[in-house]
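Pasted below: my_file-v8.csv, CSV, C-alpha atoms and all ligand atoms.
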chain,number,residue,atom,x,y,z
A,20,MET,CA,111.1,98.4,71.2
A,21,ALA,CA,112.9,101.2,69.4
A,22,ASN,CA,111.4,104.8,69.4
A,23,LYS,CA,108.2,105.1,67.4
A,24,ARG,CA,108.5,107.4,64.4
A,25,ARG,CA,106.2,108.3,61.5
A,26,ALA,CA,107.1,106.7,58.2
A,27,LYS,CA,108.1,109.1,55.4
A,28,ILE,CA,108.7,108.4,51.7
A,29,THR,CA,112.4,109.2,51.0
A,30,ALA,CA,112.8,108.1,47.4
A,31,LEU,CA,110.9,107.0,44.3
A,32,GLY,CA,111.7,104.9,41.2
A,33,ARG,CA,109.6,104.3,38.1
A,34,TYR,CA,109.6,102.2,35.0
A,35,VAL,CA,107.3,101.7,32.0
A,36,PRO,CA,108.2,99.5,29.1
A,37,PRO,CA,109.3,101.4,26.0
A,38,ARG,CA,106.5,100.1,23.6
A,39,VAL,CA,103.8,102.8,23.3
A,40,VAL,CA,100.3,101.7,22.1
A,41,THR,CA,98.1,104.6,21.0
A,42,ASN,CA,94.4,104.6,20.7
A,43,HIS,CA,94.9,104.5,16.9
A,44,ASP,CA,96.9,101.3,17.3
A,45,LEU,CA,93.9,99.8,19.2
A,46,GLU,CA,91.6,100.8,16.4
A,47,LYS,CA,93.4,98.2,14.4
A,48,MET,CA,92.8,95.5,17.0
A,49,VAL,CA,89.1,96.0,18.2
A,50,GLU,CA,86.1,98.1,17.1
A,51,THR,CA,86.9,101.4,18.9
A,52,ASN,CA,88.0,104.9,18.1
A,53,HIS,CA,90.3,107.5,19.5
A,54,ASN,CA,87.6,110.0,20.3
A,55,TRP,CA,85.4,107.5,22.3
A,56,ILE,CA,88.4,106.5,24.4
A,57,VAL,CA,89.5,110.0,25.1
A,58,GLU,CA,86.0,111.3,25.9
A,59,ARG,CA,85.1,108.3,28.2
A,60,THR,CA,88.4,107.8,29.9
A,61,GLY,CA,91.0,110.5,29.1
A,62,ILE,CA,93.5,107.9,27.8
A,63,HIS,CA,95.5,108.7,24.7
A,64,GLU,CA,98.2,106.0,24.9
A,65,ARG,CA,99.6,103.4,27.2
A,66,HIS,CA,102.8,101.4,27.5
A,67,TRP,CA,102.7,97.6,26.9
A,68,VAL,CA,105.4,95.0,27.6
A,69,GLU,CA,106.6,92.6,25.0
A,70,LYS,CA,104.7,89.4,25.6
A,71,GLY,CA,106.2,87.2,28.3
A,72,THR,CA,107.7,90.1,30.4
A,73,PRO,CA,106.8,89.4,34.1
A,74,SER,CA,105.8,92.0,36.7
A,75,SER,CA,109.0,91.4,38.6
A,76,GLU,CA,111.0,92.6,35.7
A,77,LEU,CA,109.3,96.0,35.6
A,78,ALA,CA,109.5,96.2,39.4
A,79,VAL,CA,113.3,95.5,39.4
A,80,LYS,CA,113.8,98.3,36.9
A,81,ALA,CA,111.8,100.7,39.0
A,82,ILE,CA,113.7,99.6,42.2
A,83,ASP,CA,117.1,100.1,40.4
A,84,ASP,CA,116.0,103.7,39.6
A,85,LEU,CA,115.0,104.2,43.3
A,86,LEU,CA,118.2,102.8,44.7
A,87,LYS,CA,120.3,105.0,42.5
A,88,ARG,CA,118.3,108.1,43.4
A,89,ARG,CA,118.6,107.3,47.2
A,90,GLY,CA,122.2,106.2,46.9
A,91,ILE,CA,121.7,103.0,48.8
A,92,GLU,CA,122.4,99.3,48.1
A,93,ALA,CA,119.7,96.6,47.9
A,94,ASP,CA,121.1,94.8,50.9
A,95,GLU,CA,120.1,97.7,53.1
A,96,ILE,CA,116.4,97.0,52.4
A,97,GLU,CA,114.7,95.2,55.4
A,98,LEU,CA,111.2,94.5,54.0
A,99,ILE,CA,109.7,94.4,50.5
A,100,VAL,CA,105.9,94.8,50.1
A,101,VAL,CA,104.7,94.2,46.6
A,102,ALA,CA,101.3,95.4,45.4
A,103,THR,CA,100.2,93.5,42.3
A,104,VAL,CA,97.3,91.7,40.7
A,105,THR,CA,99.5,90.1,38.1
A,106,PRO,CA,102.2,88.3,40.2
A,107,ASP,CA,104.8,86.4,38.1
A,108,MET,CA,103.1,83.3,39.4
A,109,PHE,CA,100.8,82.3,42.4
A,110,PHE,CA,103.8,81.2,44.4
A,111,PRO,CA,106.5,82.0,45.2
A,112,SER,CA,105.3,85.5,45.8
A,113,THR,CA,106.6,88.3,43.6
A,114,ALA,CA,108.3,89.7,46.7
A,115,CYS,CA,110.5,86.6,46.8
A,116,VAL,CA,111.3,86.8,43.1
A,117,ILE,CA,112.2,90.5,43.4
A,118,GLN,CA,114.3,89.9,46.6
A,119,ASN,CA,116.3,87.4,44.7
A,120,LYS,CA,116.7,89.4,41.6
A,121,ILE,CA,117.9,92.6,43.3
A,122,ARG,CA,119.9,90.6,45.9
A,123,ALA,CA,118.2,92.2,48.9
A,124,THR,CA,119.9,89.7,51.1
A,125,ARG,CA,118.6,91.0,54.4
A,126,ALA,CA,115.0,91.5,53.4
A,127,TRP,CA,111.8,89.6,54.0
A,128,GLY,CA,108.6,90.4,52.2
A,129,PHE,CA,105.2,89.5,50.8
A,130,ASP,CA,102.6,90.4,48.2
A,131,ILE,CA,99.4,92.3,48.7
A,132,SER,CA,96.4,91.8,46.4
A,133,ALA,CA,93.9,94.6,46.4
A,134,ALA,CA,93.9,95.4,42.7
A,135,CYS,CA,93.8,99.2,42.0
A,136,SER,CA,93.9,100.0,45.7
A,137,SER,CA,96.9,97.7,46.4
A,138,PHE,CA,99.6,100.4,46.3
A,139,LEU,CA,97.9,102.4,49.1
A,140,TYR,CA,97.3,99.2,51.0
A,141,ALA,CA,101.0,98.3,50.6
A,142,LEU,CA,102.1,101.8,51.6
A,143,THR,CA,100.1,101.8,54.9
A,144,THR,CA,101.1,98.2,55.6
A,145,GLY,CA,104.8,99.1,55.0
A,146,ALA,CA,104.5,102.2,57.2
A,147,GLN,CA,103.4,100.1,60.2
A,148,PHE,CA,106.8,98.4,60.3
A,149,ILE,CA,108.5,101.7,60.3
A,150,GLU,CA,106.2,103.2,63.0
A,151,SER,CA,106.6,100.2,65.2
A,152,GLY,CA,110.3,100.7,65.1
A,153,GLN,CA,111.0,97.2,63.7
A,154,HIS,CA,112.4,98.4,60.4
A,155,LYS,CA,114.2,101.5,59.0
A,156,LYS,CA,114.1,100.8,55.3
A,157,VAL,CA,110.9,99.4,53.7
A,158,LEU,CA,110.5,99.1,50.0
A,159,VAL,CA,106.9,99.4,48.7
A,160,VAL,CA,106.5,98.3,45.1
A,161,GLY,CA,103.5,98.5,42.7
A,162,SER,CA,103.9,96.5,39.6
A,163,ASP,CA,101.4,95.2,37.1
A,164,VAL,CA,101.5,93.6,33.6
A,165,MET,CA,97.8,94.1,32.9
A,166,THR,CA,98.3,92.9,29.3
A,167,SER,CA,98.9,89.4,30.7
A,168,ILE,CA,95.2,89.2,31.8
A,169,LEU,CA,93.5,91.3,29.1
A,170,ASN,CA,91.2,89.8,26.5
A,171,PRO,CA,92.7,91.1,23.2
A,172,GLU,CA,89.2,90.9,21.7
A,173,ASP,CA,87.3,92.8,24.5
A,174,ARG,CA,87.2,96.5,23.6
A,175,THR,CA,85.6,97.4,26.9
A,176,THR,CA,88.7,96.4,28.9
A,177,LEU,CA,91.6,96.3,26.3
A,178,ILE,CA,91.6,100.1,25.9
A,179,LEU,CA,91.8,100.9,29.6
A,180,PHE,CA,95.0,99.3,30.9
A,181,GLY,CA,98.7,99.7,30.6
A,182,ASP,CA,101.8,98.1,32.1
A,183,GLY,CA,104.2,99.7,34.5
A,184,ALA,CA,105.9,99.8,37.9
A,185,GLY,CA,106.8,102.2,40.7
A,186,ALA,CA,108.5,101.9,44.0
A,187,VAL,CA,108.9,104.1,47.1
A,188,LEU,CA,111.2,103.8,50.0
A,189,LEU,CA,109.8,104.3,53.5
A,190,GLU,CA,112.1,105.4,56.3
A,191,PRO,CA,111.5,106.9,59.8
A,192,CYS,CA,111.0,110.6,60.1
A,193,GLU,CA,113.9,112.4,61.7
A,194,GLU,CA,113.8,114.4,65.0
A,195,GLY,CA,111.9,117.7,64.2
A,196,GLU,CA,109.9,116.1,61.4
A,197,GLU,CA,107.0,115.1,63.7
A,198,ASP,CA,104.5,116.6,61.2
A,199,TYR,CA,105.9,114.8,58.2
A,200,GLY,CA,105.4,111.5,56.6
A,201,ILE,CA,102.2,109.4,56.5
A,202,LEU,CA,99.8,111.2,58.8
A,203,ASP,CA,96.6,109.3,58.4
A,204,TYR,CA,94.9,106.6,56.4
A,205,HIS,CA,91.6,104.8,55.9
A,206,HIS,CA,90.9,101.6,54.0
A,207,GLU,CA,87.8,99.7,53.2
A,208,ILE,CA,86.6,96.6,51.4
A,209,ASP,CA,83.1,95.9,50.1
A,210,GLY,CA,83.2,92.3,48.9
A,211,SER,CA,79.6,92.6,47.5
A,212,GLY,CA,81.2,94.4,44.6
A,213,GLY,CA,83.4,91.5,43.6
A,214,GLU,CA,81.1,90.4,40.8
A,215,HIS,CA,81.7,93.7,38.9
A,216,LEU,CA,85.4,93.4,38.3
A,217,PHE,CA,87.1,90.0,38.5
A,218,MET,CA,89.2,87.3,36.9
A,219,PRO,CA,87.2,84.1,37.4
A,220,GLY,CA,89.7,81.5,36.1
A,221,GLY,CA,92.9,80.1,37.3
A,222,GLY,CA,92.3,80.0,41.1
A,223,SER,CA,91.1,77.3,43.3
A,224,LEU,CA,87.4,78.0,42.4
A,225,ASN,CA,88.0,77.5,38.7
A,226,PRO,CA,91.4,75.8,38.3
A,227,PRO,CA,92.9,76.2,34.8
A,228,SER,CA,91.6,73.8,32.3
A,229,HIS,CA,90.8,73.8,28.6
A,230,GLU,CA,87.3,74.8,29.5
A,231,THR,CA,88.3,77.8,31.6
A,232,VAL,CA,90.6,79.0,28.7
A,233,ASP,CA,87.9,78.3,26.1
A,234,LYS,CA,85.4,80.4,28.2
A,235,LYS,CA,88.1,83.2,28.5
A,236,MET,CA,87.9,83.0,32.3
A,237,HIS,CA,91.6,83.9,32.6
A,238,TYR,CA,90.9,87.5,31.5
A,239,VAL,CA,89.6,90.6,33.3
A,240,HIS,CA,85.8,90.8,33.4
A,241,GLN,CA,84.3,94.1,34.2
A,242,ASN,CA,80.9,95.8,34.5
A,243,GLY,CA,82.3,99.2,33.7
A,244,GLN,CA,79.3,101.3,34.7
A,245,ALA,CA,78.9,99.6,38.1
A,246,VAL,CA,82.6,100.1,38.9
A,247,PHE,CA,82.4,103.7,37.7
A,248,LYS,CA,79.4,104.5,39.9
A,249,PHE,CA,81.0,102.9,43.0
A,250,ALA,CA,84.4,104.5,42.3
A,251,VAL,CA,83.0,108.0,42.0
A,252,ARG,CA,80.9,107.7,45.1
A,253,LYS,CA,83.6,106.0,47.2
A,254,MET,CA,86.6,108.2,46.2
A,255,GLU,CA,84.6,111.3,46.9
A,256,GLU,CA,83.4,110.0,50.3
A,257,LEU,CA,86.9,108.8,51.4
A,258,SER,CA,88.6,112.1,50.3
A,259,THR,CA,86.1,114.4,51.9
A,260,ASN,CA,86.0,112.3,55.1
A,261,MET,CA,89.8,112.3,55.3
A,262,LEU,CA,89.9,116.1,55.0
A,263,ALA,CA,87.1,116.6,57.6
A,264,LYS,CA,88.7,114.1,60.1
A,265,ASN,CA,91.9,116.1,60.0
A,266,ASN,CA,90.2,119.5,60.1
A,267,LEU,CA,91.4,120.4,56.6
A,268,THR,CA,89.8,121.8,53.5
A,269,GLY,CA,90.8,121.3,49.9
A,270,ASP,CA,92.8,124.6,50.2
A,271,ASP,CA,95.2,123.0,52.7
A,272,ILE,CA,96.1,120.2,50.3
A,273,GLY,CA,99.1,120.9,48.0
A,274,CYS,CA,98.7,117.9,45.8
A,275,PHE,CA,96.0,115.3,45.1
A,276,ILE,CA,97.2,112.0,43.7
A,277,ALA,CA,94.4,109.6,42.8
A,278,HIS,CA,94.4,106.2,41.2
A,279,GLN,CA,94.3,106.8,37.4
A,280,ALA,CA,91.4,104.7,36.1
A,281,ASN,CA,89.2,107.3,34.5
A,282,LEU,CA,89.7,111.1,34.2
A,283,ARG,CA,86.0,111.6,35.0
A,284,ILE,CA,86.4,109.8,38.3
A,285,ILE,CA,89.5,111.9,39.2
A,286,ASP,CA,87.8,115.2,38.3
A,287,ALA,CA,84.6,114.4,40.1
A,288,THR,CA,86.5,113.6,43.3
A,289,ALA,CA,88.6,116.7,43.1
A,290,LYS,CA,85.6,118.9,42.6
A,291,LYS,CA,83.7,117.4,45.5
A,292,ALA,CA,86.7,117.7,47.8
A,293,GLY,CA,87.3,121.4,46.8
A,294,LEU,CA,90.6,120.8,45.2
A,295,ALA,CA,91.8,123.3,42.7
A,296,PRO,CA,92.5,121.7,39.3
A,297,GLU,CA,96.2,122.6,39.3
A,298,LYS,CA,96.7,120.5,42.4
A,299,VAL,CA,95.3,117.4,40.8
A,300,ILE,CA,97.8,115.0,39.2
A,301,LYS,CA,96.8,113.4,36.0
A,302,ASN,CA,98.9,111.1,33.9
A,303,ILE,CA,96.2,108.7,32.6
A,304,HIS,CA,96.5,110.2,29.1
A,305,LYS,CA,100.0,108.7,28.7
A,306,TYR,CA,99.8,105.5,30.8
A,307,GLY,CA,96.2,104.4,31.0
A,308,ASN,CA,95.3,102.4,34.1
A,309,THR,CA,98.4,100.6,35.3
A,310,THR,CA,96.6,99.2,38.4
A,311,ALA,CA,99.3,99.0,41.3
A,312,ALA,CA,101.6,101.4,39.5
A,313,THR,CA,99.4,104.4,38.9
A,314,ILE,CA,100.1,106.1,42.2
A,315,PRO,CA,103.9,105.9,42.2
A,316,LEU,CA,104.0,106.8,38.5
A,317,ALA,CA,101.8,109.9,39.3
A,318,ILE,CA,104.1,110.8,42.3
A,319,GLY,CA,107.0,110.9,39.9
A,320,ASP,CA,105.1,113.2,37.5
A,321,ALA,CA,104.1,115.4,40.3
A,322,ILE,CA,107.7,115.8,41.5
A,323,GLU,CA,109.0,116.4,37.9
A,324,ASP,CA,106.3,119.0,37.2
A,325,GLY,CA,107.1,120.9,40.5
A,326,LYS,CA,103.7,120.1,41.9
A,327,LEU,CA,104.9,118.1,44.9
A,328,LYS,CA,107.4,119.8,47.1
A,329,LYS,CA,108.8,119.2,50.6
A,330,GLY,CA,106.2,120.3,53.2
A,331,ASP,CA,103.2,119.9,50.9
A,332,LEU,CA,100.2,118.0,52.2
A,333,VAL,CA,99.3,115.3,49.8
A,334,LEU,CA,96.1,113.3,49.6
A,335,PHE,CA,96.1,109.9,47.9
A,336,ALA,CA,92.9,108.0,47.0
A,337,ALA,CA,92.1,104.8,45.2
A,338,VAL,CA,89.3,102.4,44.4
A,339,GLY,CA,89.7,99.0,42.9
A,340,ALA,CA,88.3,95.5,42.3
A,341,GLY,CA,86.9,93.8,45.4
A,342,PHE,CA,85.7,96.5,45.9
A,343,THR,CA,88.7,97.8,47.7
A,344,SER,CA,89.4,101.4,48.5
A,345,GLY,CA,91.7,103.7,50.4
A,346,CYS,CA,92.8,107.2,51.2
A,347,VAL,CA,96.1,108.3,52.7
A,348,LEU,CA,97.1,111.8,54.0
A,349,ALA,CA,100.9,112.6,54.1
A,350,ARG,CA,103.2,115.5,54.4
A,351,TRP,CA,105.8,115.2,51.7
A,352,ALA,CA,109.3,115.0,53.2
A,353,TYR,CA,111.8,115.5,50.5
B,401,LIG,O1,90.7,100.7,38.2
B,401,LIG,C1,89.6,100.4,38.9
B,401,LIG,C2,88.6,99.8,38.1
B,401,LIG,N1,88.1,100.4,36.9
B,401,LIG,C3,87.5,101.5,36.7
B,401,LIG,O2,87.4,102.4,37.6
B,401,LIG,C4,86.7,101.7,35.5
B,401,LIG,C5,85.3,102.3,35.7
B,401,LIG,N2,84.5,102.4,34.6
B,401,LIG,C6,84.8,103.2,33.5
B,401,LIG,O3,85.8,103.9,33.5
B,401,LIG,C7,83.8,103.3,32.4
B,401,LIG,O4,82.6,102.6,32.8
B,401,LIG,C8,84.3,102.8,31.1
B,401,LIG,C9,85.4,103.7,30.5
B,401,LIG,C10,84.8,101.4,31.2
B,401,LIG,C11,83.2,102.8,30.0
B,401,LIG,O5,82.6,104.0,29.9
B,401,LIG,P1,81.0,104.2,30.0
B,401,LIG,O6,80.7,105.6,29.8
B,401,LIG,O7,80.5,103.6,31.3
B,401,LIG,O8,80.5,103.4,28.7
B,401,LIG,P2,79.5,102.2,28.7
B,401,LIG,O9,80.1,100.9,29.3
B,401,LIG,O10,78.1,102.6,29.2
B,401,LIG,O11,79.3,102.0,27.1
B,401,LIG,C12,78.7,103.0,26.3
B,401,LIG,C13,78.7,102.5,24.9
B,401,LIG,C14,78.2,101.1,24.7
B,401,LIG,O12,77.5,101.0,23.5
B,401,LIG,P3,75.9,101.1,23.5
B,401,LIG,O13,75.4,99.9,24.3
B,401,LIG,O14,75.5,102.4,24.1
B,401,LIG,O15,75.6,101.0,22.0
B,401,LIG,C15,79.4,100.2,24.6
B,401,LIG,O16,79.2,99.0,23.9
B,401,LIG,O17,80.1,102.4,24.4
B,401,LIG,C16,80.3,101.1,23.8
B,401,LIG,N3,81.8,100.8,24.1
B,401,LIG,C17,82.7,101.3,23.2
B,401,LIG,N4,82.7,101.9,22.1
B,401,LIG,C18,83.9,102.2,21.5
B,401,LIG,C19,82.3,100.2,25.1
B,401,LIG,N5,83.6,100.1,24.9
B,401,LIG,C20,83.9,100.8,23.8
B,401,LIG,C21,85.1,101.1,23.1
B,401,LIG,N6,85.0,101.8,22.0
B,401,LIG,N7,86.3,100.7,23.6
Using the file provided, produce a representation of the structure as structure tokens.
Ligand code: UT7
Amino acid sequence: MANKRRAKITALGRYVPPRVVTNHDLEKMVETNHNWIVERTGIHERHWVEKGTPSSELAVKAIDDLLKRRGIEADEIELIVVATVTPDMFFPSTACVIQNKIRATRAWGFDISAACSSFLYALTTGAQFIESGQHKKVLVVGSDVMTSILNPEDRTTLILFGDGAGAVLLEPCEEGEEDYGILDYHHEIDGSGGEHLFMPGGGSLNPPSHETVDKKMHYVHQNGQAVFKFAVRKMEELSTNMLAKNNLTGDDIGCFIAHQANLRIIDATAKKAGLAPEKVIKNIHKYGNTTAATIPLAIGDAIEDGKLKKGDLVLFAAVGAGFTSGCVLARWAY
């Protein structure tokens, strides 16, 4: 077994499709209005794919961006972990599709399904393969085409989501970087929350049929208030526990990157964890909720805005359908 090393993020790539859909555009599709959407969610606009664009296509563009920034070729990747709730198809996995498209000839890989928490699940899963010494280059990808599972007539969900992808590269920390990389994580599931956010049709429980389509079972179904209450409580709990477990306070954290589902959830968590507003990364206004892509997209904004620098402690948090949840503490390494 090779030497054990912590896993650090060494590069990031992002992609959102060019088509911007504003709240005013949505006013023409369903009974809603810009002010309601902004007040309740913080979203002003989101990016949507042209119909028929699969998650793998967004992912490949984000990975191309990453490979250029890191200056490596795809055949150097050893493992591809894909976080998505909108795979191109049930099988083969989107990891297989991506591996073939980017010609990552030496890589194996698999998909992780944990909805809005899936990027953090994928990140900590990928990190295990670095820490064990088995791999030196692990690609963690979050990609979702939420518009492929949104009911165009349901104003309660249509306004929330956007399409996008992000990818990070995990590599082992170097000698002298013992304090860098992914320092701690905690994940949970609470399956009793499954009834509040789900897509009932298309799986083995309700295989696709005319009936499942007529009943619109192939779309996202959400009890927004129940998810909201759980998300606020759980994100606050996980974040404050992670700080306490590591003998930290909000003042020690340089950057807080939470899943972007609702501005009110992010603000409530930051307040409870004692995080100053300038440390809290928010990009929901321009992307909406892109499910597995929100965290890598937000990492990119944090770097671009000079809010995430080498040596900063960064706290990630997410809650999603399942219910799934997670929190990751890292020291930024580049
Ligand atoms: O990513 C992980 C999972 N998702 C989340 O974290 C989402 C969590 N939930 C939420 O973010 C919020 O619950 C929503 C943004 C989805 C909804 O906000 P809310 O403050 O919980 O609103 P509500 O569902 O209680 O609805 C309030 C009112 C209702 O009308 P009445 O019954 O009071 O007359 C809704 O019918 O707002 C109405 N409404 C809308 N009005 C205009 C619902 N959707 C819309 C809309 N435009 N798009």
- prompt: Out of A:Lys301, A:Arg59, A:Arg25, A:Lys328, which residue has the shortest atom-to-atom distance to Gly152 of chain A when counting only C-alpha atoms?
  reply: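 Closest candidate: A:Arg25.
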message: When you count all atoms listed in the file, which of these residues is closest to ligand LIG 401 (chain B): A:Ile96, A:Ala277, A:Val157, A:Leu86?
response: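 For ligand LIG 401 (chain B), the nearest of the candidates is A:Ala277.
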- request: Find the residues near ligand LIG 401 (chain B). Use a cut-off of 7 Å, count all atoms listed in the file, and write them as a PyMOL selection string.
  value: chain A and resi 50-52+55-56+59-60+135+174-176+178+243-244+246-247+250+280-281+308+310+338-340
For the selection you just gave me, I'd like the residues written to a file as an mmCIF file, keeping the file's coordinate frame, keeping C-alpha atoms.
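Contents of result.cif, as written:
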data_model
loop_
_atom_site.group_PDB
_atom_site.id
_atom_site.type_symbol
_atom_site.label_atom_id
_atom_site.label_comp_id
_atom_site.auth_asym_id
_atom_site.auth_seq_id
_atom_site.Cartn_x
_atom_site.Cartn_y
_atom_site.Cartn_z
ATOM 1 C CA GLU A 50 86.100 98.100 17.100
ATOM 2 C CA THR A 51 86.900 101.400 18.900
ATOM 3 C CA ASN A 52 88.000 104.900 18.100
ATOM 4 C CA TRP A 55 85.400 107.500 22.300
ATOM 5 C CA ILE A 56 88.400 106.500 24.400
ATOM 6 C CA ARG A 59 85.100 108.300 28.200
ATOM 7 C CA THR A 60 88.400 107.800 29.900
ATOM 8 C CA CYS A 135 93.800 99.200 42.000
ATOM 9 C CA ARG A 174 87.200 96.500 23.600
ATOM 10 C CA THR A 175 85.600 97.400 26.900
ATOM 11 C CA THR A 176 88.700 96.400 28.900
ATOM 12 C CA ILE A 178 91.600 100.100 25.900
ATOM 13 C CA GLY A 243 82.300 99.200 33.700
ATOM 14 C CA GLN A 244 79.300 101.300 34.700
ATOM 15 C CA VAL A 246 82.600 100.100 38.900
ATOM 16 C CA PHE A 247 82.400 103.700 37.700
ATOM 17 C CA ALA A 250 84.400 104.500 42.300
ATOM 18 C CA ALA A 280 91.400 104.700 36.100
ATOM 19 C CA ASN A 281 89.200 107.300 34.500
ATOM 20 C CA ASN A 308 95.300 102.400 34.100
ATOM 21 C CA THR A 310 96.600 99.200 38.400
ATOM 22 C CA VAL A 338 89.300 102.400 44.400
ATOM 23 C CA GLY A 339 89.700 99.000 42.900
ATOM 24 C CA ALA A 340 88.300 95.500 42.300
#
- prompt: Phe249 of chain A: which residues within 12 Å, counting all atoms listed in the file, same-chain residues fewer than 6 positions away excluded, as a list in words?
  reply: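 Here the answer would be Ile208, Asp209, Ser211, Gly212, Gly213, His215, Leu216, Asn242, Gly243, Glu255, Glu256, Leu257, Ile284, Ala337, Val338, Gly339, Ala340, Gly341, Phe342, Thr343 and Ser344 of chain A.
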field: Residue neighbourhood Lys70 of chain A, 10 Å, only C-alpha atoms, exclusion window fewer than 5 positions, as a VMD selection string
entry: chain A and resid 164 166 to 167
Starting from the incomplete input, reconstruct N, CA and C atoms of segment 232-248 of chain A and report them as a PDB file, in the coordinates of the input.
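Saved the output as rebuild.pdb:
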ATOM      1  N   VAL A 232      89.911  78.156  29.752  1.00  0.00           N
ATOM      2  CA  VAL A 232      90.600  79.000  28.700  1.00  0.00           C
ATOM      3  C   VAL A 232      89.576  79.208  27.560  1.00  0.00           C
ATOM      4  N   ASP A 233      88.840  78.170  27.151  1.00  0.00           N
ATOM      5  CA  ASP A 233      87.900  78.300  26.100  1.00  0.00           C
ATOM      6  C   ASP A 233      86.822  79.410  26.447  1.00  0.00           C
ATOM      7  N   LYS A 234      86.456  79.438  27.726  1.00  0.00           N
ATOM      8  CA  LYS A 234      85.400  80.400  28.200  1.00  0.00           C
ATOM      9  C   LYS A 234      86.076  81.774  28.523  1.00  0.00           C
ATOM     10  N   LYS A 235      87.368  81.898  28.257  1.00  0.00           N
ATOM     11  CA  LYS A 235      88.100  83.200  28.500  1.00  0.00           C
ATOM     12  C   LYS A 235      87.998  83.626  29.952  1.00  0.00           C
ATOM     13  N   MET A 236      88.037  82.652  30.870  1.00  0.00           N
ATOM     14  CA  MET A 236      87.900  83.000  32.300  1.00  0.00           C
ATOM     15  C   MET A 236      89.207  83.506  32.893  1.00  0.00           C
ATOM     16  N   HIS A 237      90.294  83.423  32.103  1.00  0.00           N
ATOM     17  CA  HIS A 237      91.600  83.900  32.600  1.00  0.00           C
ATOM     18  C   HIS A 237      91.841  85.347  32.264  1.00  0.00           C
ATOM     19  N   TYR A 238      90.773  86.028  31.853  1.00  0.00           N
ATOM     20  CA  TYR A 238      90.900  87.500  31.500  1.00  0.00           C
ATOM     21  C   TYR A 238      90.094  88.316  32.503  1.00  0.00           C
ATOM     22  N   VAL A 239      90.385  89.624  32.486  1.00  0.00           N
ATOM     23  CA  VAL A 239      89.600  90.600  33.300  1.00  0.00           C
ATOM     24  C   VAL A 239      88.196  90.668  32.777  1.00  0.00           C
ATOM     25  N   HIS A 240      87.241  90.592  33.705  1.00  0.00           N
ATOM     26  CA  HIS A 240      85.800  90.800  33.400  1.00  0.00           C
ATOM     27  C   HIS A 240      85.338  92.000  34.148  1.00  0.00           C
ATOM     28  N   GLN A 241      84.708  92.933  33.478  1.00  0.00           N
ATOM     29  CA  GLN A 241      84.300  94.100  34.200  1.00  0.00           C
ATOM     30  C   GLN A 241      82.917  94.627  33.740  1.00  0.00           C
ATOM     31  N   ASN A 242      82.123  95.021  34.738  1.00  0.00           N
ATOM     32  CA  ASN A 242      80.900  95.800  34.500  1.00  0.00           C
ATOM     33  C   ASN A 242      81.287  97.243  34.711  1.00  0.00           C
ATOM     34  N   GLY A 243      81.687  97.887  33.636  1.00  0.00           N
ATOM     35  CA  GLY A 243      82.300  99.200  33.700  1.00  0.00           C
ATOM     36  C   GLY A 243      81.427 100.239  34.447  1.00  0.00           C
ATOM     37  N   GLN A 244      80.139 100.236  34.124  1.00  0.00           N
ATOM     38  CA  GLN A 244      79.300 101.300  34.700  1.00  0.00           C
ATOM     39  C   GLN A 244      79.124 101.072  36.227  1.00  0.00           C
ATOM     40  N   ALA A 245      78.997  99.808  36.666  1.00  0.00           N
ATOM     41  CA  ALA A 245      78.900  99.600  38.100  1.00  0.00           C
ATOM     42  C   ALA A 245      80.129  99.980  38.848  1.00  0.00           C
ATOM     43  N   VAL A 246      81.286  99.683  38.242  1.00  0.00           N
ATOM     44  CA  VAL A 246      82.600 100.100  38.900  1.00  0.00           C
ATOM     45  C   VAL A 246      82.684 101.585  38.893  1.00  0.00           C
ATOM     46  N   PHE A 247      82.310 102.193  37.792  1.00  0.00           N
ATOM     47  CA  PHE A 247      82.400 103.700  37.700  1.00  0.00           C
ATOM     48  C   PHE A 247      81.585 104.334  38.784  1.00  0.00           C
ATOM     49  N   LYS A 248      80.333 103.903  38.924  1.00  0.00           N
ATOM     50  CA  LYS A 248      79.400 104.500  39.900  1.00  0.00           C
ATOM     51  C   LYS A 248      80.013 104.374  41.337  1.00  0.00           C
TER      52      LYS A 248
END
